[in-house]
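**Q** Hey, dropping model.txt in here, compact mmCIF, N, CA and C atoms and all ligand atoms:
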# COMPACT_ATOMS: atom_id res chain seq x y z
N MET A 1 20.96 27.27 16.46
CA MET A 1 20.01 26.88 15.41
C MET A 1 18.66 27.55 15.65
N ALA A 2 18.04 28.02 14.58
CA ALA A 2 16.75 28.69 14.71
C ALA A 2 15.67 27.71 15.16
N LYS A 3 14.76 28.21 15.95
CA LYS A 3 13.63 27.37 16.39
C LYS A 3 12.74 27.08 15.19
N LYS A 4 12.22 25.85 15.14
CA LYS A 4 11.28 25.48 14.08
C LYS A 4 9.88 25.46 14.67
N VAL A 5 9.00 26.23 14.06
CA VAL A 5 7.64 26.34 14.59
C VAL A 5 6.61 25.78 13.59
N ALA A 6 5.46 25.45 14.14
CA ALA A 6 4.42 24.80 13.32
C ALA A 6 3.83 25.74 12.28
N PHE A 7 3.58 25.20 11.11
CA PHE A 7 2.92 25.93 10.02
C PHE A 7 1.92 24.98 9.36
N VAL A 8 0.69 25.46 9.17
CA VAL A 8 -0.36 24.63 8.55
C VAL A 8 -0.42 24.92 7.06
N LYS A 9 -0.31 23.89 6.26
CA LYS A 9 -0.52 24.05 4.81
C LYS A 9 -2.03 24.08 4.58
N LYS A 10 -2.56 25.31 4.48
CA LYS A 10 -4.02 25.50 4.45
C LYS A 10 -4.68 24.76 3.29
N GLU A 11 -3.96 24.61 2.20
CA GLU A 11 -4.57 23.97 1.02
C GLU A 11 -4.88 22.50 1.28
N ASP A 12 -4.23 21.91 2.29
CA ASP A 12 -4.45 20.49 2.59
C ASP A 12 -5.30 20.26 3.84
N CYS A 13 -5.46 21.29 4.68
CA CYS A 13 -6.17 21.14 5.95
C CYS A 13 -7.64 20.79 5.71
N VAL A 14 -8.15 19.78 6.45
CA VAL A 14 -9.55 19.38 6.31
C VAL A 14 -10.40 19.87 7.49
N GLY A 15 -9.81 20.66 8.37
CA GLY A 15 -10.57 21.31 9.44
C GLY A 15 -11.06 20.38 10.52
N CYS A 16 -10.34 19.29 10.79
CA CYS A 16 -10.81 18.30 11.77
C CYS A 16 -10.63 18.76 13.22
N GLU A 17 -9.78 19.75 13.45
CA GLU A 17 -9.53 20.34 14.77
C GLU A 17 -8.72 19.47 15.72
N VAL A 18 -8.22 18.35 15.24
CA VAL A 18 -7.40 17.47 16.09
C VAL A 18 -6.19 18.23 16.64
N CYS A 19 -5.54 18.99 15.79
CA CYS A 19 -4.32 19.70 16.21
C CYS A 19 -4.63 20.75 17.28
N VAL A 20 -5.79 21.39 17.16
CA VAL A 20 -6.18 22.41 18.12
C VAL A 20 -6.34 21.78 19.51
N ASP A 21 -6.90 20.58 19.55
CA ASP A 21 -7.08 19.87 20.82
C ASP A 21 -5.74 19.43 21.40
N VAL A 22 -4.81 19.08 20.54
CA VAL A 22 -3.50 18.57 20.98
C VAL A 22 -2.60 19.68 21.52
N CYS A 23 -2.71 20.87 20.95
CA CYS A 23 -1.77 21.95 21.27
C CYS A 23 -2.10 22.59 22.63
N GLU A 24 -1.16 22.45 23.56
CA GLU A 24 -1.40 22.95 24.92
C GLU A 24 -1.15 24.45 25.06
N THR A 25 -0.42 25.04 24.13
CA THR A 25 -0.11 26.47 24.25
C THR A 25 -1.09 27.35 23.46
N LYS A 26 -2.08 26.72 22.87
CA LYS A 26 -3.07 27.42 22.04
C LYS A 26 -2.41 28.16 20.86
N ALA A 27 -1.35 27.58 20.35
CA ALA A 27 -0.69 28.14 19.17
C ALA A 27 -1.47 27.81 17.90
N LEU A 28 -2.39 26.87 18.00
CA LEU A 28 -3.21 26.49 16.84
C LEU A 28 -4.66 26.87 17.12
N VAL A 29 -5.23 27.61 16.19
CA VAL A 29 -6.63 28.03 16.32
C VAL A 29 -7.34 27.82 14.99
N MET A 30 -8.69 27.74 15.06
CA MET A 30 -9.47 27.59 13.84
C MET A 30 -9.91 28.96 13.34
N LYS A 31 -9.74 29.19 12.05
CA LYS A 31 -10.25 30.42 11.40
C LYS A 31 -10.85 29.99 10.08
N ASP A 32 -12.09 30.33 9.85
CA ASP A 32 -12.76 29.96 8.60
C ASP A 32 -12.63 28.45 8.31
N ASP A 33 -12.81 27.63 9.35
CA ASP A 33 -12.78 26.17 9.22
C ASP A 33 -11.41 25.59 8.86
N LEU A 34 -10.36 26.38 8.99
CA LEU A 34 -9.01 25.88 8.77
C LEU A 34 -8.16 26.18 10.00
N ALA A 35 -7.15 25.35 10.23
CA ALA A 35 -6.25 25.60 11.35
C ALA A 35 -5.18 26.62 10.96
N TRP A 36 -4.88 27.51 11.91
CA TRP A 36 -3.82 28.51 11.72
C TRP A 36 -2.87 28.40 12.91
N SER A 37 -1.60 28.64 12.66
CA SER A 37 -0.64 28.58 13.77
C SER A 37 -0.13 29.98 14.10
N ASP A 38 0.08 30.21 15.39
CA ASP A 38 0.66 31.46 15.86
C ASP A 38 2.09 31.15 16.29
N PRO A 39 3.08 31.56 15.49
CA PRO A 39 4.47 31.21 15.78
C PRO A 39 4.92 31.70 17.15
N ALA A 40 4.37 32.81 17.61
CA ALA A 40 4.79 33.37 18.90
C ALA A 40 4.39 32.47 20.06
N LYS A 41 3.34 31.68 19.87
CA LYS A 41 2.87 30.81 20.97
C LYS A 41 3.40 29.38 20.86
N CYS A 42 3.98 29.03 19.73
CA CYS A 42 4.43 27.66 19.52
C CYS A 42 5.75 27.40 20.24
N ASP A 43 5.82 26.30 20.98
CA ASP A 43 7.04 25.91 21.70
C ASP A 43 8.11 25.36 20.77
N GLY A 44 7.73 25.01 19.56
CA GLY A 44 8.71 24.53 18.59
C GLY A 44 8.76 23.02 18.47
N GLU A 45 9.29 22.59 17.36
CA GLU A 45 9.33 21.15 17.06
C GLU A 45 10.17 20.37 18.08
N GLU A 46 11.30 20.93 18.45
CA GLU A 46 12.22 20.20 19.33
C GLU A 46 11.64 20.02 20.73
N LYS A 47 11.06 21.10 21.27
CA LYS A 47 10.54 21.06 22.63
C LYS A 47 9.17 20.38 22.71
N CYS A 48 8.36 20.56 21.67
CA CYS A 48 6.99 20.02 21.70
C CYS A 48 6.78 19.06 20.53
N GLY A 49 6.42 19.61 19.38
CA GLY A 49 6.26 18.77 18.19
C GLY A 49 5.10 17.79 18.23
N LYS A 50 4.10 18.09 19.07
CA LYS A 50 2.99 17.13 19.24
C LYS A 50 1.97 17.17 18.10
N CYS A 51 1.80 18.33 17.49
CA CYS A 51 0.69 18.47 16.55
C CYS A 51 0.89 17.72 15.22
N SER A 52 2.05 17.86 14.65
CA SER A 52 2.26 17.33 13.31
C SER A 52 1.95 15.83 13.17
N PRO A 53 2.43 14.98 14.09
CA PRO A 53 2.13 13.54 13.95
C PRO A 53 0.65 13.21 14.11
N GLU A 54 -0.12 14.11 14.73
CA GLU A 54 -1.55 13.85 14.95
C GLU A 54 -2.42 14.25 13.76
N CYS A 55 -1.90 15.05 12.88
CA CYS A 55 -2.72 15.53 11.75
C CYS A 55 -2.96 14.40 10.75
N PRO A 56 -4.23 14.04 10.51
CA PRO A 56 -4.54 12.90 9.65
C PRO A 56 -4.11 13.09 8.19
N VAL A 57 -3.95 14.34 7.77
CA VAL A 57 -3.58 14.57 6.37
C VAL A 57 -2.15 15.13 6.24
N GLU A 58 -1.42 15.08 7.35
CA GLU A 58 0.00 15.49 7.35
C GLU A 58 0.23 16.87 6.78
N CYS A 59 -0.62 17.82 7.18
CA CYS A 59 -0.45 19.17 6.61
C CYS A 59 0.20 20.15 7.57
N ILE A 60 0.70 19.65 8.72
CA ILE A 60 1.45 20.55 9.61
C ILE A 60 2.94 20.27 9.45
N ILE A 61 3.65 21.32 9.03
CA ILE A 61 5.10 21.19 8.89
C ILE A 61 5.76 22.18 9.85
N TYR A 62 7.08 22.09 9.97
CA TYR A 62 7.79 23.02 10.84
C TYR A 62 8.73 23.87 10.01
N LEU A 63 8.68 25.17 10.26
CA LEU A 63 9.51 26.13 9.52
C LEU A 63 10.35 26.95 10.49
N ASP A 64 11.48 27.45 10.01
CA ASP A 64 12.27 28.37 10.81
C ASP A 64 11.40 29.55 11.23
N GLU A 65 11.59 29.99 12.45
CA GLU A 65 10.80 31.11 12.99
C GLU A 65 10.79 32.33 12.08
N SER A 66 11.87 32.52 11.33
CA SER A 66 12.01 33.71 10.48
C SER A 66 11.42 33.52 9.08
N ASP A 67 10.87 32.34 8.81
CA ASP A 67 10.36 32.06 7.46
C ASP A 67 9.18 32.99 7.12
N PRO A 68 9.25 33.70 5.99
CA PRO A 68 8.18 34.64 5.62
C PRO A 68 6.81 33.98 5.45
N LYS A 69 6.78 32.67 5.19
CA LYS A 69 5.48 31.98 5.03
C LYS A 69 4.67 32.04 6.33
N LEU A 70 5.33 32.20 7.46
CA LEU A 70 4.63 32.23 8.73
C LEU A 70 3.80 33.51 8.91
N LYS A 71 4.03 34.50 8.08
CA LYS A 71 3.26 35.75 8.18
C LYS A 71 1.91 35.63 7.50
N LYS A 72 1.72 34.57 6.71
CA LYS A 72 0.47 34.44 5.94
C LYS A 72 -0.62 33.76 6.76
S1 LIG A 101 4.56 22.15 18.13
FE1 LIG A 101 3.43 22.02 20.08
S2 LIG A 101 3.18 24.18 20.72
FE2 LIG A 101 3.70 24.21 18.54
S3 LIG A 101 1.71 24.26 17.49
FE3 LIG A 101 2.35 22.08 17.65
S4 LIG A 101 1.38 21.31 19.53
FE4 LIG A 101 1.32 23.56 19.59
S1 LIG A 102 -5.14 18.24 12.38
FE1 LIG A 102 -4.49 18.80 10.30
S2 LIG A 102 -6.33 18.66 9.05
FE2 LIG A 102 -6.98 18.70 11.18
S3 LIG A 102 -7.41 20.89 11.57
FE3 LIG A 102 -5.29 20.47 12.20
S4 LIG A 102 -4.04 21.01 10.42
FE4 LIG A 102 -6.16 20.78 9.71
Is it possible to express this structure as structure tokens?
Ligand code: SF4
Ligand code: SF4
**A**
Amino acid sequence: MAKKVAFVKKEDCVGCEVCVDVCETKALVMKDDLAWSDPAKCDGEEKCGKCSPECPVECIIYLDESDPKLKK
């Protein structure tokens, strides 16, 4: 099964930075006051999955590593 990695729905992100503090691999960074995920650094939902439950507006979802949305 393909690894599922974190993806931030930018249209919903409020820039609180909670996820950036939670992520130990630095797969989440702030750019222009929004959180962005780096799929290459994310350990994946199964192994980690810490960020999504911490997001107050539930805008972090997990996508297959090969999902084209991760390139945006
Ligand atoms: S799942 Fe874990 S490693 Fe991946 S972005 Fe979220 S906190 Fe970071
Ligand atoms: S926790 Fe959610 S709202 Fe806050 S910066 Fe991260 S993705 Fe955006």
**Q** Please check which protein, DNA or RNA residues sit within 7 Å of ligand LIG 102 (chain A), counting all atoms listed in the file, and write them as a PyMOL selection string.
**A** chain A and resi 8-9+12-20+33-36+51+54-60
**Q** Hey, can you spit out that residue selection with N, CA and C atoms as a compact mmCIF listing (two decimals), keeping the file's coordinate frame?
**A**
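Once everything was written out, this is again_21.txt:
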# COMPACT_ATOMS: atom_id res chain seq x y z
N VAL A 8 0.69 25.46 9.17
CA VAL A 8 -0.36 24.63 8.55
C VAL A 8 -0.42 24.92 7.06
N LYS A 9 -0.31 23.89 6.26
CA LYS A 9 -0.52 24.05 4.81
C LYS A 9 -2.03 24.08 4.58
N ASP A 12 -4.23 21.91 2.29
CA ASP A 12 -4.45 20.49 2.59
C ASP A 12 -5.30 20.26 3.84
N CYS A 13 -5.46 21.29 4.68
CA CYS A 13 -6.17 21.14 5.95
C CYS A 13 -7.64 20.79 5.71
N VAL A 14 -8.15 19.78 6.45
CA VAL A 14 -9.55 19.38 6.31
C VAL A 14 -10.40 19.87 7.49
N GLY A 15 -9.81 20.66 8.37
CA GLY A 15 -10.57 21.31 9.44
C GLY A 15 -11.06 20.38 10.52
N CYS A 16 -10.34 19.29 10.79
CA CYS A 16 -10.81 18.30 11.77
C CYS A 16 -10.63 18.76 13.22
N GLU A 17 -9.78 19.75 13.45
CA GLU A 17 -9.53 20.34 14.77
C GLU A 17 -8.72 19.47 15.72
N VAL A 18 -8.22 18.35 15.24
CA VAL A 18 -7.40 17.47 16.09
C VAL A 18 -6.19 18.23 16.64
N CYS A 19 -5.54 18.99 15.79
CA CYS A 19 -4.32 19.70 16.21
C CYS A 19 -4.63 20.75 17.28
N VAL A 20 -5.79 21.39 17.16
CA VAL A 20 -6.18 22.41 18.12
C VAL A 20 -6.34 21.78 19.51
N ASP A 33 -12.81 27.63 9.35
CA ASP A 33 -12.78 26.17 9.22
C ASP A 33 -11.41 25.59 8.86
N LEU A 34 -10.36 26.38 8.99
CA LEU A 34 -9.01 25.88 8.77
C LEU A 34 -8.16 26.18 10.00
N ALA A 35 -7.15 25.35 10.23
CA ALA A 35 -6.25 25.60 11.35
C ALA A 35 -5.18 26.62 10.96
N TRP A 36 -4.88 27.51 11.91
CA TRP A 36 -3.82 28.51 11.72
C TRP A 36 -2.87 28.40 12.91
N CYS A 51 1.80 18.33 17.49
CA CYS A 51 0.69 18.47 16.55
C CYS A 51 0.89 17.72 15.22
N GLU A 54 -0.12 14.11 14.73
CA GLU A 54 -1.55 13.85 14.95
C GLU A 54 -2.42 14.25 13.76
N CYS A 55 -1.90 15.05 12.88
CA CYS A 55 -2.72 15.53 11.75
C CYS A 55 -2.96 14.40 10.75
N PRO A 56 -4.23 14.04 10.51
CA PRO A 56 -4.54 12.90 9.65
C PRO A 56 -4.11 13.09 8.19
N VAL A 57 -3.95 14.34 7.77
CA VAL A 57 -3.58 14.57 6.37
C VAL A 57 -2.15 15.13 6.24
N GLU A 58 -1.42 15.08 7.35
CA GLU A 58 0.00 15.49 7.35
C GLU A 58 0.23 16.87 6.78
N CYS A 59 -0.62 17.82 7.18
CA CYS A 59 -0.45 19.17 6.61
C CYS A 59 0.20 20.15 7.57
N ILE A 60 0.70 19.65 8.72
CA ILE A 60 1.45 20.55 9.61
C ILE A 60 2.94 20.27 9.45
**Q** Can you list, as a list in words, every residue of chain A that DSSP puts in alpha helix (DSSP H)?
**A**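 DSSP on the backbone gives alpha helix (DSSP H) at Val18, Cys19, Val20, Asp21, Val22, Cys51, Ser52, Pro53 and Glu54 of chain A.
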**Q** Return as a ChimeraX atom specification every polymer residue, whether protein, DNA or RNA, with at least one atom no more than 7 Å from an atom of ligand LIG 101 (chain A); count only N, CA and C atoms and all ligand atoms.
**A** /A:5-7,19,22-28,37-38,41-52
**Q** Kindly save the residues from that selection, with N, CA and C atoms included, as a tab-separated table (two decimals), keeping the file's coordinate frame.
**A**
chain	number	residue	atom	x	y	z
A	5	VAL	N	9.00	26.23	14.06
A	5	VAL	CA	7.64	26.34	14.59
A	5	VAL	C	6.61	25.78	13.59
A	6	ALA	N	5.46	25.45	14.14
A	6	ALA	CA	4.42	24.80	13.32
A	6	ALA	C	3.83	25.74	12.28
A	7	PHE	N	3.58	25.20	11.11
A	7	PHE	CA	2.92	25.93	10.02
A	7	PHE	C	1.92	24.98	9.36
A	19	CYS	N	-5.54	18.99	15.79
A	19	CYS	CA	-4.32	19.70	16.21
A	19	CYS	C	-4.63	20.75	17.28
A	22	VAL	N	-4.81	19.08	20.54
A	22	VAL	CA	-3.50	18.57	20.98
A	22	VAL	C	-2.60	19.68	21.52
A	23	CYS	N	-2.71	20.87	20.95
A	23	CYS	CA	-1.77	21.95	21.27
A	23	CYS	C	-2.10	22.59	22.63
A	24	GLU	N	-1.16	22.45	23.56
A	24	GLU	CA	-1.40	22.95	24.92
A	24	GLU	C	-1.15	24.45	25.06
A	25	THR	N	-0.42	25.04	24.13
A	25	THR	CA	-0.11	26.47	24.25
A	25	THR	C	-1.09	27.35	23.46
A	26	LYS	N	-2.08	26.72	22.87
A	26	LYS	CA	-3.07	27.42	22.04
A	26	LYS	C	-2.41	28.16	20.86
A	27	ALA	N	-1.35	27.58	20.35
A	27	ALA	CA	-0.69	28.14	19.17
A	27	ALA	C	-1.47	27.81	17.90
A	28	LEU	N	-2.39	26.87	18.00
A	28	LEU	CA	-3.21	26.49	16.84
A	28	LEU	C	-4.66	26.87	17.12
A	37	SER	N	-1.60	28.64	12.66
A	37	SER	CA	-0.64	28.58	13.77
A	37	SER	C	-0.13	29.98	14.10
A	38	ASP	N	0.08	30.21	15.39
A	38	ASP	CA	0.66	31.46	15.86
A	38	ASP	C	2.09	31.15	16.29
A	41	LYS	N	3.34	31.68	19.87
A	41	LYS	CA	2.87	30.81	20.97
A	41	LYS	C	3.40	29.38	20.86
A	42	CYS	N	3.98	29.03	19.73
A	42	CYS	CA	4.43	27.66	19.52
A	42	CYS	C	5.75	27.40	20.24
A	43	ASP	N	5.82	26.30	20.98
A	43	ASP	CA	7.04	25.91	21.70
A	43	ASP	C	8.11	25.36	20.77
A	44	GLY	N	7.73	25.01	19.56
A	44	GLY	CA	8.71	24.53	18.59
A	44	GLY	C	8.76	23.02	18.47
A	45	GLU	N	9.29	22.59	17.36
A	45	GLU	CA	9.33	21.15	17.06
A	45	GLU	C	10.17	20.37	18.08
A	46	GLU	N	11.30	20.93	18.45
A	46	GLU	CA	12.22	20.20	19.33
A	46	GLU	C	11.64	20.02	20.73
A	47	LYS	N	11.06	21.10	21.27
A	47	LYS	CA	10.54	21.06	22.63
A	47	LYS	C	9.17	20.38	22.71
A	48	CYS	N	8.36	20.56	21.67
A	48	CYS	CA	6.99	20.02	21.70
A	48	CYS	C	6.78	19.06	20.53
A	49	GLY	N	6.42	19.61	19.38
A	49	GLY	CA	6.26	18.77	18.19
A	49	GLY	C	5.10	17.79	18.23
A	50	LYS	N	4.10	18.09	19.07
A	50	LYS	CA	2.99	17.13	19.24
A	50	LYS	C	1.97	17.17	18.10
A	51	CYS	N	1.80	18.33	17.49
A	51	CYS	CA	0.69	18.47	16.55
A	51	CYS	C	0.89	17.72	15.22
A	52	SER	N	2.05	17.86	14.65
A	52	SER	CA	2.26	17.33	13.31
A	52	SER	C	1.95	15.83	13.17
**Q** Return the single residue from A:Lys31, A:Lys10, A:Asp21, A:Pro53 that is closest to Leu70 (chain A), with distances computed using only C-alpha atoms.
**A**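 Once distances to Leu70 (chain A) are computed over only C-alpha atoms, the minimum belongs to A:Lys10.
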**Q** Which one of A:Leu63, A:Asp32, A:Pro68, A:Pro39 sits closest to Lys3 (chain A) if you count all atoms listed in the file?
**A**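 Distance minimum relative to Lys3 (chain A) lands on A:Leu63.
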**Q** Just the number, please: distance in Å from atom C of Met1 (chain A) to atom C of Met30 (chain A), one decimal.
**A**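 Atom-to-atom, atom C of Met1 (chain A) to atom C of Met30 (chain A), that is 28.7 Å.
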**Q** Would you give me, as a list in words, the residues in chain A that DSSP reads as strand (DSSP E)?
**A**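 Filtering chain A to strand (DSSP E) leaves Lys4, Val5, Ala6, Phe7, Val8, Leu28, Val29, Met30, Lys31, Leu34, Ala35, Trp36, Ser37, Ile60, Ile61, Tyr62, Leu63 and Asp64 of chain A.
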